[in-house]
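So this one's target_3.cif, mmCIF, C-alpha atoms; chains and numbers go by the auth columns:
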data_run
loop_
_atom_site.group_PDB
_atom_site.id
_atom_site.type_symbol
_atom_site.label_atom_id
_atom_site.label_comp_id
_atom_site.label_asym_id
_atom_site.label_seq_id
_atom_site.Cartn_x
_atom_site.Cartn_y
_atom_site.Cartn_z
_atom_site.B_iso_or_equiv
_atom_site.auth_seq_id
_atom_site.auth_asym_id
ATOM 1 C CA MET A 1 -15.707 138.991 -108.038 0.00 1 Q
ATOM 2 C CA ARG A 2 -16.476 136.097 -105.733 0.00 2 Q
ATOM 3 C CA ILE A 3 -19.865 136.075 -104.010 0.00 3 Q
ATOM 4 C CA LEU A 4 -21.222 133.832 -101.259 0.00 4 Q
ATOM 5 C CA VAL A 5 -24.915 132.937 -101.451 0.00 5 Q
ATOM 6 C CA ALA A 6 -26.367 131.782 -98.119 0.00 6 Q
ATOM 7 C CA GLU A 7 -29.962 130.712 -98.773 0.00 7 Q
ATOM 8 C CA ASP A 8 -31.648 127.591 -97.392 0.00 8 Q
ATOM 9 C CA GLU A 9 -34.192 127.262 -100.236 0.00 9 Q
ATOM 10 C CA LYS A 10 -32.112 125.166 -102.623 0.00 10 Q
ATOM 11 C CA ASP A 11 -33.994 126.088 -105.805 0.00 11 Q
ATOM 12 C CA MET A 12 -33.656 129.782 -105.018 0.00 12 Q
ATOM 13 C CA ASN A 13 -29.997 129.312 -104.108 0.00 13 Q
ATOM 14 C CA ALA A 14 -29.312 127.540 -107.418 0.00 14 Q
ATOM 15 C CA LEU A 15 -31.151 130.244 -109.380 0.00 15 Q
ATOM 16 C CA LEU A 16 -29.147 132.988 -107.676 0.00 16 Q
ATOM 17 C CA CYS A 17 -25.856 131.212 -108.396 0.00 17 Q
ATOM 18 C CA ARG A 18 -26.760 130.680 -112.051 0.00 18 Q
ATOM 19 C CA THR A 19 -27.709 134.339 -112.413 0.00 19 Q
ATOM 20 C CA LEU A 20 -24.466 135.494 -110.809 0.00 20 Q
ATOM 21 C CA LYS A 21 -22.350 133.200 -112.987 0.00 21 Q
ATOM 22 C CA ARG A 22 -24.087 134.412 -116.153 0.00 22 Q
ATOM 23 C CA ALA A 23 -23.242 137.950 -115.031 0.00 23 Q
ATOM 24 C CA GLY A 24 -19.565 137.023 -114.763 0.00 24 Q
ATOM 25 C CA TYR A 25 -19.278 136.466 -111.019 0.00 25 Q
ATOM 26 C CA SER A 26 -17.907 133.457 -109.182 0.00 26 Q
ATOM 27 C CA ALA A 27 -20.520 132.123 -106.747 0.00 27 Q
ATOM 28 C CA ASP A 28 -20.368 129.689 -103.832 0.00 28 Q
ATOM 29 C CA ALA A 29 -23.522 128.255 -102.258 0.00 29 Q
ATOM 30 C CA CYS A 30 -24.327 127.311 -98.680 0.00 30 Q
ATOM 31 C CA TYR A 31 -27.611 126.607 -96.930 0.00 31 Q
ATOM 32 C CA ASP A 32 -27.263 127.681 -93.300 0.00 32 Q
ATOM 33 C CA GLY A 33 -25.505 130.325 -91.240 0.00 33 Q
ATOM 34 C CA GLU A 34 -22.885 128.047 -89.732 0.00 34 Q
ATOM 35 C CA ALA A 35 -21.830 126.816 -93.178 0.00 35 Q
ATOM 36 C CA ALA A 36 -21.587 130.448 -94.279 0.00 36 Q
ATOM 37 C CA LEU A 37 -19.184 131.146 -91.402 0.00 37 Q
ATOM 38 C CA ASP A 38 -17.068 128.176 -92.484 0.00 38 Q
ATOM 39 C CA CYS A 39 -16.944 129.502 -96.056 0.00 39 Q
ATOM 40 C CA LEU A 40 -15.927 132.943 -94.822 0.00 40 Q
ATOM 41 C CA ALA A 41 -13.145 131.422 -92.759 0.00 41 Q
ATOM 42 C CA GLY A 42 -11.729 129.639 -95.781 0.00 42 Q
ATOM 43 C CA ALA A 43 -12.041 132.178 -98.592 0.00 43 Q
ATOM 44 C CA GLU A 44 -12.137 135.883 -99.317 0.00 44 Q
ATOM 45 C CA TYR A 45 -15.443 137.190 -100.707 0.00 45 Q
ATOM 46 C CA ASP A 46 -16.364 140.454 -102.363 0.00 46 Q
ATOM 47 C CA CYS A 47 -20.040 140.325 -101.355 0.00 47 Q
ATOM 48 C CA LEU A 48 -22.455 138.191 -99.310 0.00 48 Q
ATOM 49 C CA LEU A 49 -26.087 137.524 -100.269 0.00 49 Q
ATOM 50 C CA LEU A 50 -27.888 136.317 -97.144 0.00 50 Q
ATOM 51 C CA ASP A 51 -31.337 135.040 -96.357 0.00 51 Q
ATOM 52 C CA VAL A 52 -32.543 136.095 -92.909 0.00 52 Q
ATOM 53 C CA MET A 53 -34.364 132.933 -91.809 0.00 53 Q
ATOM 54 C CA MET A 54 -31.667 130.262 -92.109 0.00 54 Q
ATOM 55 C CA PRO A 55 -31.091 127.103 -90.002 0.00 55 Q
ATOM 56 C CA LYS A 56 -28.431 126.904 -87.292 0.00 56 Q
ATOM 57 C CA LEU A 57 -27.542 130.611 -87.450 0.00 57 Q
ATOM 58 C CA ASP A 58 -29.891 133.193 -88.930 0.00 58 Q
ATOM 59 C CA GLY A 59 -28.770 136.021 -91.204 0.00 59 Q
ATOM 60 C CA TYR A 60 -29.005 138.683 -88.521 0.00 60 Q
ATOM 61 C CA ALA A 61 -26.808 136.702 -86.126 0.00 61 Q
ATOM 62 C CA LEU A 62 -24.370 135.919 -88.943 0.00 62 Q
ATOM 63 C CA VAL A 63 -23.904 139.601 -89.822 0.00 63 Q
ATOM 64 C CA GLN A 64 -23.578 140.496 -86.149 0.00 64 Q
ATOM 65 C CA THR A 65 -20.834 137.861 -85.792 0.00 65 Q
ATOM 66 C CA ILE A 66 -18.749 138.868 -88.814 0.00 66 Q
ATOM 67 C CA ARG A 67 -19.017 142.581 -88.034 0.00 67 Q
ATOM 68 C CA ALA A 68 -17.847 141.882 -84.470 0.00 68 Q
ATOM 69 C CA GLN A 69 -14.859 140.072 -86.018 0.00 69 Q
ATOM 70 C CA GLY A 70 -14.005 143.223 -87.971 0.00 70 Q
ATOM 71 C CA SER A 71 -15.174 142.075 -91.409 0.00 71 Q
ATOM 72 C CA THR A 72 -16.291 144.859 -93.748 0.00 72 Q
ATOM 73 C CA VAL A 73 -17.397 142.594 -96.615 0.00 73 Q
ATOM 74 C CA PRO A 74 -20.542 144.030 -98.262 0.00 74 Q
ATOM 75 C CA VAL A 75 -23.734 142.240 -97.190 0.00 75 Q
ATOM 76 C CA ILE A 76 -27.098 142.260 -98.944 0.00 76 Q
ATOM 77 C CA PHE A 77 -30.080 140.609 -97.261 0.00 77 Q
ATOM 78 C CA LEU A 78 -32.505 138.786 -99.569 0.00 78 Q
ATOM 79 C CA THR A 79 -35.625 137.981 -97.578 0.00 79 Q
ATOM 80 C CA ALA A 80 -39.401 137.738 -97.562 0.00 80 Q
ATOM 81 C CA ARG A 81 -39.516 139.713 -94.301 0.00 81 Q
ATOM 82 C CA ASP A 82 -40.708 143.052 -95.599 0.00 82 Q
ATOM 83 C CA SER A 83 -41.651 145.136 -92.578 0.00 83 Q
ATOM 84 C CA ILE A 84 -39.913 148.455 -91.950 0.00 84 Q
ATOM 85 C CA GLN A 85 -38.781 147.119 -88.563 0.00 85 Q
ATOM 86 C CA ASP A 86 -37.090 144.133 -90.223 0.00 86 Q
ATOM 87 C CA ARG A 87 -35.268 146.383 -92.692 0.00 87 Q
ATOM 88 C CA ILE A 88 -34.117 148.727 -89.940 0.00 88 Q
ATOM 89 C CA ALA A 89 -32.907 145.792 -87.834 0.00 89 Q
ATOM 90 C CA GLY A 90 -30.899 144.336 -90.710 0.00 90 Q
ATOM 91 C CA LEU A 91 -29.283 147.628 -91.651 0.00 91 Q
ATOM 92 C CA ASP A 92 -28.532 148.531 -88.037 0.00 92 Q
ATOM 93 C CA LEU A 93 -26.758 145.199 -87.546 0.00 93 Q
ATOM 94 C CA GLY A 94 -24.347 146.053 -90.357 0.00 94 Q
ATOM 95 C CA ALA A 95 -25.931 145.006 -93.655 0.00 95 Q
ATOM 96 C CA ASP A 96 -25.346 147.300 -96.625 0.00 96 Q
ATOM 97 C CA ASP A 97 -28.646 146.661 -98.368 0.00 97 Q
ATOM 98 C CA TYR A 98 -31.950 144.843 -97.920 0.00 98 Q
ATOM 99 C CA LEU A 99 -33.896 143.431 -100.863 0.00 99 Q
ATOM 100 C CA VAL A 100 -37.364 141.949 -100.367 0.00 100 Q
ATOM 101 C CA LYS A 101 -38.423 138.807 -102.236 0.00 101 Q
ATOM 102 C CA PRO A 102 -39.601 138.567 -104.957 0.00 102 Q
ATOM 103 C CA PHE A 103 -37.116 140.920 -106.597 0.00 103 Q
ATOM 104 C CA ASP A 104 -35.833 141.706 -110.064 0.00 104 Q
ATOM 105 C CA PHE A 105 -32.454 140.109 -110.795 0.00 105 Q
ATOM 106 C CA ASP A 106 -31.245 143.146 -112.730 0.00 106 Q
ATOM 107 C CA GLU A 107 -31.914 145.241 -109.631 0.00 107 Q
ATOM 108 C CA LEU A 108 -29.998 142.732 -107.505 0.00 108 Q
ATOM 109 C CA LEU A 109 -26.988 142.947 -109.831 0.00 109 Q
ATOM 110 C CA ALA A 110 -27.131 146.750 -109.684 0.00 110 Q
ATOM 111 C CA ARG A 111 -27.202 146.656 -105.889 0.00 111 Q
ATOM 112 C CA ILE A 112 -24.227 144.279 -105.836 0.00 112 Q
ATOM 113 C CA ARG A 113 -22.275 146.711 -108.019 0.00 113 Q
ATOM 114 C CA ALA A 114 -23.214 149.626 -105.750 0.00 114 Q
ATOM 115 C CA ALA A 115 -22.334 147.762 -102.536 0.00 115 Q
ATOM 116 C CA THR A 116 -18.960 146.562 -103.819 0.00 116 Q
ATOM 117 C CA ARG A 117 -18.011 149.982 -105.196 0.00 117 Q
ATOM 118 C CA LYS A 118 -18.590 151.479 -101.774 0.00 118 Q
ATOM 119 C CA TYR A 119 -15.817 149.341 -100.284 0.00 119 Q
ATOM 120 C CA GLY A 120 -13.448 149.436 -103.254 0.00 120 Q
ATOM 121 C CA THR A 121 -10.655 151.885 -103.886 0.00 121 Q
ATOM 122 C CA GLN A 122 -12.227 152.593 -107.260 0.00 122 Q
ATOM 123 C CA LYS A 123 -15.448 154.506 -106.623 0.00 123 Q
ATOM 124 C CA SER A 124 -16.422 154.904 -110.254 0.00 124 Q
ATOM 125 C CA ALA A 125 -18.145 152.183 -112.249 0.00 125 Q
ATOM 126 C CA VAL A 126 -15.696 152.913 -115.066 0.00 126 Q
ATOM 127 C CA LEU A 127 -12.104 151.656 -114.778 0.00 127 Q
ATOM 128 C CA THR A 128 -9.469 153.032 -117.135 0.00 128 Q
ATOM 129 C CA LEU A 129 -5.844 152.348 -118.010 0.00 129 Q
ATOM 130 C CA ALA A 130 -4.332 154.157 -121.001 0.00 130 Q
ATOM 131 C CA ASP A 131 -6.885 153.598 -123.795 0.00 131 Q
ATOM 132 C CA LEU A 132 -8.463 150.579 -122.063 0.00 132 Q
ATOM 133 C CA VAL A 133 -11.900 151.278 -120.585 0.00 133 Q
ATOM 134 C CA VAL A 134 -13.907 148.786 -118.497 0.00 134 Q
ATOM 135 C CA ASP A 135 -17.480 149.729 -117.582 0.00 135 Q
ATOM 136 C CA THR A 136 -18.359 147.505 -114.633 0.00 136 Q
ATOM 137 C CA SER A 137 -22.025 148.506 -114.764 0.00 137 Q
ATOM 138 C CA GLY A 138 -22.564 147.143 -118.248 0.00 138 Q
ATOM 139 C CA HIS A 139 -19.641 144.677 -118.280 0.00 139 Q
ATOM 140 C CA THR A 140 -18.356 146.306 -121.466 0.00 140 Q
ATOM 141 C CA VAL A 141 -14.722 146.709 -122.524 0.00 141 Q
ATOM 142 C CA THR A 142 -13.153 148.972 -125.146 0.00 142 Q
ATOM 143 C CA ARG A 143 -9.539 149.449 -126.223 0.00 143 Q
ATOM 144 C CA GLY A 144 -8.761 152.529 -128.281 0.00 144 Q
ATOM 145 C CA GLY A 145 -12.501 153.038 -128.734 0.00 145 Q
ATOM 146 C CA ALA A 146 -13.037 149.569 -130.247 0.00 146 Q
ATOM 147 C CA VAL A 147 -15.242 147.058 -128.443 0.00 147 Q
ATOM 148 C CA VAL A 148 -13.384 144.065 -126.963 0.00 148 Q
ATOM 149 C CA ARG A 149 -15.662 141.024 -126.675 0.00 149 Q
ATOM 150 C CA LEU A 150 -14.798 138.794 -123.724 0.00 150 Q
ATOM 151 C CA SER A 151 -16.206 135.623 -122.231 0.00 151 Q
ATOM 152 C CA ALA A 152 -17.548 135.812 -118.662 0.00 152 Q
ATOM 153 C CA LYS A 153 -14.328 134.358 -117.205 0.00 153 Q
ATOM 154 C CA GLU A 154 -12.112 136.635 -119.324 0.00 154 Q
ATOM 155 C CA TYR A 155 -14.117 139.642 -118.181 0.00 155 Q
ATOM 156 C CA ALA A 156 -13.935 138.581 -114.520 0.00 156 Q
ATOM 157 C CA ILE A 157 -10.141 138.252 -114.732 0.00 157 Q
ATOM 158 C CA LEU A 158 -9.821 141.618 -116.446 0.00 158 Q
ATOM 159 C CA GLU A 159 -12.030 143.396 -113.935 0.00 159 Q
ATOM 160 C CA TYR A 160 -10.003 141.995 -111.035 0.00 160 Q
ATOM 161 C CA LEU A 161 -6.724 142.986 -112.692 0.00 161 Q
ATOM 162 C CA MET A 162 -8.099 146.470 -113.405 0.00 162 Q
ATOM 163 C CA GLN A 163 -9.151 146.863 -109.787 0.00 163 Q
ATOM 164 C CA HIS A 164 -5.544 146.049 -108.841 0.00 164 Q
ATOM 165 C CA GLN A 165 -3.780 147.705 -111.769 0.00 165 Q
ATOM 166 C CA GLY A 166 -0.092 148.324 -111.147 0.00 166 Q
ATOM 167 C CA THR A 167 -0.017 145.479 -108.595 0.00 167 Q
ATOM 168 C CA VAL A 168 1.129 141.954 -109.390 0.00 168 Q
ATOM 169 C CA VAL A 169 -1.771 139.513 -108.981 0.00 169 Q
ATOM 170 C CA SER A 170 -0.895 135.895 -108.247 0.00 170 Q
ATOM 171 C CA ARG A 171 -2.434 132.726 -109.635 0.00 171 Q
ATOM 172 C CA THR A 172 -3.924 131.988 -106.205 0.00 172 Q
ATOM 173 C CA GLN A 173 -5.610 135.394 -106.046 0.00 173 Q
ATOM 174 C CA LEU A 174 -7.222 134.854 -109.432 0.00 174 Q
ATOM 175 C CA GLU A 175 -8.312 131.335 -108.488 0.00 175 Q
ATOM 176 C CA ASN A 176 -9.862 132.641 -105.260 0.00 176 Q
ATOM 177 C CA HIS A 177 -11.728 135.536 -106.859 0.00 177 Q
ATOM 178 C CA VAL A 178 -12.695 134.245 -110.286 0.00 178 Q
ATOM 179 C CA TRP A 179 -13.359 130.543 -109.641 0.00 179 Q
ATOM 180 C CA ASN A 180 -15.523 128.949 -106.959 0.00 180 Q
ATOM 181 C CA TYR A 181 -15.078 125.961 -104.645 0.00 181 Q
ATOM 182 C CA ASP A 182 -15.734 123.527 -107.501 0.00 182 Q
ATOM 183 C CA TYR A 183 -12.411 124.548 -109.043 0.00 183 Q
ATOM 184 C CA GLU A 184 -9.616 122.311 -107.758 0.00 184 Q
ATOM 185 C CA GLY A 185 -6.664 124.230 -109.177 0.00 185 Q
ATOM 186 C CA GLY A 186 -3.436 122.585 -110.190 0.00 186 Q
ATOM 187 C CA SER A 187 -3.979 122.917 -113.936 0.00 187 Q
ATOM 188 C CA ASN A 188 -3.030 125.556 -116.464 0.00 188 Q
ATOM 189 C CA VAL A 189 -6.590 126.883 -116.824 0.00 189 Q
ATOM 190 C CA VAL A 190 -5.611 130.312 -115.472 0.00 190 Q
ATOM 191 C CA ASP A 191 -2.729 130.525 -117.955 0.00 191 Q
ATOM 192 C CA VAL A 192 -5.088 129.591 -120.795 0.00 192 Q
ATOM 193 C CA TYR A 193 -7.527 132.376 -119.932 0.00 193 Q
ATOM 194 C CA ILE A 194 -4.699 134.877 -119.507 0.00 194 Q
ATOM 195 C CA THR A 195 -3.497 133.933 -123.008 0.00 195 Q
ATOM 196 C CA TYR A 196 -6.998 134.462 -124.429 0.00 196 Q
ATOM 197 C CA LEU A 197 -7.283 137.795 -122.630 0.00 197 Q
ATOM 198 C CA ARG A 198 -3.852 138.999 -123.741 0.00 198 Q
ATOM 199 C CA LYS A 199 -4.652 138.259 -127.402 0.00 199 Q
ATOM 200 C CA LYS A 200 -7.893 140.209 -127.210 0.00 200 Q
ATOM 201 C CA LEU A 201 -6.464 143.167 -125.298 0.00 201 Q
ATOM 202 C CA ASP A 202 -2.946 143.499 -126.685 0.00 202 Q
ATOM 203 C CA GLY A 203 -2.933 141.482 -129.913 0.00 203 Q
ATOM 204 C CA GLY A 204 -3.290 144.426 -132.273 0.00 204 Q
ATOM 205 C CA ALA A 205 -2.060 147.185 -129.977 0.00 205 Q
ATOM 206 C CA GLU A 206 1.322 148.874 -130.164 0.00 206 Q
ATOM 207 C CA LYS A 207 1.389 149.427 -126.412 0.00 207 Q
ATOM 208 C CA LYS A 208 1.046 146.249 -124.320 0.00 208 Q
ATOM 209 C CA LEU A 209 -0.856 146.465 -121.032 0.00 209 Q
ATOM 210 C CA LEU A 210 -1.016 142.885 -119.684 0.00 210 Q
ATOM 211 C CA HIS A 211 2.384 141.700 -118.456 0.00 211 Q
ATOM 212 C CA THR A 212 3.649 138.444 -116.952 0.00 212 Q
ATOM 213 C CA VAL A 213 5.905 138.690 -113.900 0.00 213 Q
ATOM 214 C CA ARG A 214 7.778 135.412 -113.943 0.00 214 Q
ATOM 215 C CA GLY A 215 7.225 133.355 -110.811 0.00 215 Q
ATOM 216 C CA ALA A 216 4.806 135.885 -109.319 0.00 216 Q
ATOM 217 C CA GLY A 217 1.749 136.389 -111.544 0.00 217 Q
ATOM 218 C CA TRP A 218 0.387 139.071 -113.852 0.00 218 Q
ATOM 219 C CA VAL A 219 -0.043 142.814 -113.801 0.00 219 Q
ATOM 220 C CA LEU A 220 -1.943 145.404 -115.820 0.00 220 Q
ATOM 221 C CA ARG A 221 0.137 148.538 -116.260 0.00 221 Q
ATOM 222 C CA GLU A 222 1.173 151.062 -118.834 0.00 222 Q
ATOM 223 C CA GLU A 223 4.878 150.686 -119.622 0.00 223 Q
ATOM 224 C CA VAL A 224 6.811 153.952 -119.837 0.00 224 Q
#
Would you mind writing the file out in structure tokens?
Amino acid sequence: MRILVAEDEKDMNALLCRTLKRAGYSADACYDGEAALDCLAGAEYDCLLLDVMMPKLDGYALVQTIRAQGSTVPVIFLTARDSIQDRIAGLDLGADDYLVKPFDFDELLARIRAATRKYGTQKSAVLTLADLVVDTSGHTVTRGGAVVRLSAKEYAILEYLMQHQGTVVSRTQLENHVWNYDYEGGSNVVDVYITYLRKKLDGGAEKKLLHTVRGAGWVLREEV
């Protein structure tokens, strides 16, 4: 999944992005509310992590703006403002969760999973296709009961494909959801990771699940 981190404290922003990337997410960073709006206009995100007190446009005003535009992207406030009134205000404006600093990063990751499940078509933390099982809570994968060990990028691609199983996913969709703004595209990096993933998922299996649709992209499905 691709997550936008809007936090004006640069050290905190960098720490959040590193934590998200280690957990297998793609993360983009910005440092004020107006920059966050620009990012949202140019890319599709699965979750927003927002500070409240940001320059140019604060977190409350940012959420109010995107909700008025019809956006339903999950939003989690990360802020030092810890009064009940602040929490109520943030939630009433359209945020999905409110986490007070300092917080535990494992709890943050759990709240991200909960917020994104709420808006997904797959309500369970466990995604299945034939004998392939992906547990999004623990980022674990098994095929036929055997553990499949994946890199963070391989896992991120698989999770996105599993969330859209049966639907052809294009190169651009994978680039937008698995890589961040630092990725320039135009190379065969997506193809390389798909090759790695296919070997690990289908290499020893009689029934293949990851298929290439020439000229369109890739799809996870069980062939009849």
Which residue of Q:Val63, Q:Met12, Q:Met1, Q:Leu50 approaches Ala27 of chain Q most closely, using all atoms listed in the file: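 Under the stated criterion, the closest residue is Q:Met1.
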Have a look at Q:Trp179, Q:Tyr31, Q:Tyr196, Q:Trp218 and name the one nearest to Lys10 of chain Q; count all atoms listed in the file. Q:Tyr31
One decimal, Å: what's the distance from atom CA of Cys47 of chain Q over to atom CA of Val75 of chain Q, could you say? 5.9 Å
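Comparing the minimum interatomic distances between Thr212 of chain Q and each of Q:His177, Q:Arg198, Q:His164, Q:Arg111, counting all atoms listed in the file, we find that Q:Arg198 sits nearest.
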Report, in Å to a single decimal, how far apart atom CA of Thr19 of chain Q and atom CA of Ala152 of chain Q are.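 Rounded to one decimal, the two atoms are 12.0 Å apart.
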Taking the block just given, write segment 205-224 of chain Q to a file that holds C-alpha atoms, as a CSV table (one decimal), in the first residue's frame.
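Saved result, decode.csv, follows:
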chain,number,residue,atom,x,y,z
Q,205,ALA,CA,3.4,-25.8,-7.6
Q,206,GLU,CA,1.4,-27.8,-10.1
Q,207,LYS,CA,-1.3,-25.1,-10.3
Q,208,LYS,CA,-0.1,-21.7,-11.4
Q,209,LEU,CA,-1.7,-18.6,-9.8
Q,210,LEU,CA,0.3,-15.6,-11.1
Q,211,HIS,CA,-0.4,-15.0,-14.8
Q,212,THR,CA,0.8,-12.4,-17.3
Q,213,VAL,CA,-1.7,-10.8,-19.6
Q,214,ARG,CA,0.3,-9.6,-22.5
Q,215,GLY,CA,0.2,-5.8,-23.0
Q,216,ALA,CA,-2.0,-5.3,-20.0
Q,217,GLY,CA,-0.3,-6.5,-16.8
Q,218,TRP,CA,-0.7,-9.3,-14.3
Q,219,VAL,CA,-3.4,-11.1,-12.5
Q,220,LEU,CA,-3.7,-13.6,-9.6
Q,221,ARG,CA,-6.4,-16.2,-10.4
Q,222,GLU,CA,-7.0,-19.9,-10.2
Q,223,GLU,CA,-7.2,-21.4,-13.6
Q,224,VAL,CA,-10.1,-23.8,-14.2
